[in-house]
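Q: Below you will find the structure I want to go over with you.
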Amino acid sequence: MIYIASPFTHPDPLVMKHRRDAVFLYAAELTRRGVLCFSPIVYGYPFFAEYDFPPAFGHWQMLNDHLIGASNGVHVLQLKGWEASLGVSHEIARATRLGLPIEYIQP
């Protein structure tokens, strides 16, 4: 399984929509190719949009950490702002500590 790391939260809702759309598209592309993948945004977005769960990384960290540990590698979707994302930085650090391969993907 590939864990997809990508930024999401932002003060501008249009930036969040762009980020959501980009990661949904990438996850769909992997899935079409038969690659099992997990994206916290793809999984968590309905909770955020429909049930008022917080989108912030801290709320989802325990689940994300567990799923990174169950993954065979991490793909970092290099959307604008990815380098400044606390969530993405944490996910990269976790994957590095676990010795998982990390691939940087240009959308």
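We name chains A, B, ... following the order of the structure tokens; residues begin at 1 in each chain, and ligands are numbered from 1 as shown.
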Could you name the residues that touch A:Ser89 at 12 Å or less, counting only C-alpha atoms, but leaving out those on the same chain fewer than 3 positions away, as a list in words?
A: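 Contacts, in chain order: Ala5, Ser6, Pro7, Phe57, Gln61, Val76, Gln78, Gly81, Trp82, Glu83, Ala84, Ser85, Leu86, Ile92, Ala93, Arg94, Ala95 and Thr96 of chain A.
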Q: Can you list, as a ChimeraX atom specification, every residue of chain A that DSSP puts in strand (DSSP E or B)?
A: /A:2-5,37-38,73-77,102-105
Q: For the selection you just gave me, I'd like the residues written to a file as a PDB file, in the first residue's frame, keeping C-alpha atoms.
A:
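See selection35.pdb below for the written result:
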ATOM      1  CA  ILE A   2       1.150   3.529  -0.798  1.00  0.00           C
ATOM      2  CA  TYR A   3       0.433   6.308   1.667  1.00  0.00           C
ATOM      3  CA  ILE A   4      -0.206   9.628  -0.100  1.00  0.00           C
ATOM      4  CA  ALA A   5       1.066  12.644   1.835  1.00  0.00           C
ATOM      5  CA  CYS A  37      -3.289   3.465  -1.689  1.00  0.00           C
ATOM      6  CA  PHE A  38      -4.471   5.540   1.239  1.00  0.00           C
ATOM      7  CA  GLY A  73       6.055   3.510   0.818  1.00  0.00           C
ATOM      8  CA  VAL A  74       4.998   7.124   0.844  1.00  0.00           C
ATOM      9  CA  HIS A  75       4.254   9.350  -2.139  1.00  0.00           C
ATOM     10  CA  VAL A  76       4.530  13.059  -1.373  1.00  0.00           C
ATOM     11  CA  LEU A  77       2.274  15.057  -3.661  1.00  0.00           C
ATOM     12  CA  ILE A 102       9.607   8.076  -0.256  1.00  0.00           C
ATOM     13  CA  GLU A 103       8.725   9.269  -3.736  1.00  0.00           C
ATOM     14  CA  TYR A 104       8.133  12.922  -4.548  1.00  0.00           C
ATOM     15  CA  ILE A 105       5.365  13.376  -7.105  1.00  0.00           C
TER      16      ILE A 105
END
Q: DSSP on the backbone: which residues in chain A end up as alpha helix (DSSP H)? Give the answer as a PyMOL selection string.
A: chain A and resi 13-32+40-51+57-69+86-97
Q: Can you measure atom CA of A:Thr9 to atom CA of A:Leu63 for me? One decimal in Å is fine.
A: 17.2 Å
Q: Name all residues at most 8 Å from A:Leu36 (count only C-alpha atoms; drop same-chain ones fewer than 4 positions away) and give them as a list in words.
A: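 Neighbouring residues, sequence-local ones excluded: Met1, Ile2, Leu30 and Thr31 of chain A.
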Q: Just to be explicit: take each residue in the selection above, keep N, CA and C atoms, and write the result as a compact mmCIF listing (two decimals), in the first residue's frame.
A:
# COMPACT_ATOMS: atom_id res chain seq x y z
N MET A 1 0.84 -1.18 0.00
CA MET A 1 0.00 0.00 0.00
C MET A 1 0.88 1.24 0.00
N ILE A 2 0.47 2.24 -0.75
CA ILE A 2 1.15 3.53 -0.80
C ILE A 2 0.35 4.53 0.02
N LEU A 30 -3.77 6.15 -9.16
CA LEU A 30 -3.10 4.97 -8.60
C LEU A 30 -4.06 3.78 -8.55
N THR A 31 -5.28 4.03 -8.10
CA THR A 31 -6.27 2.96 -7.98
C THR A 31 -6.58 2.35 -9.34
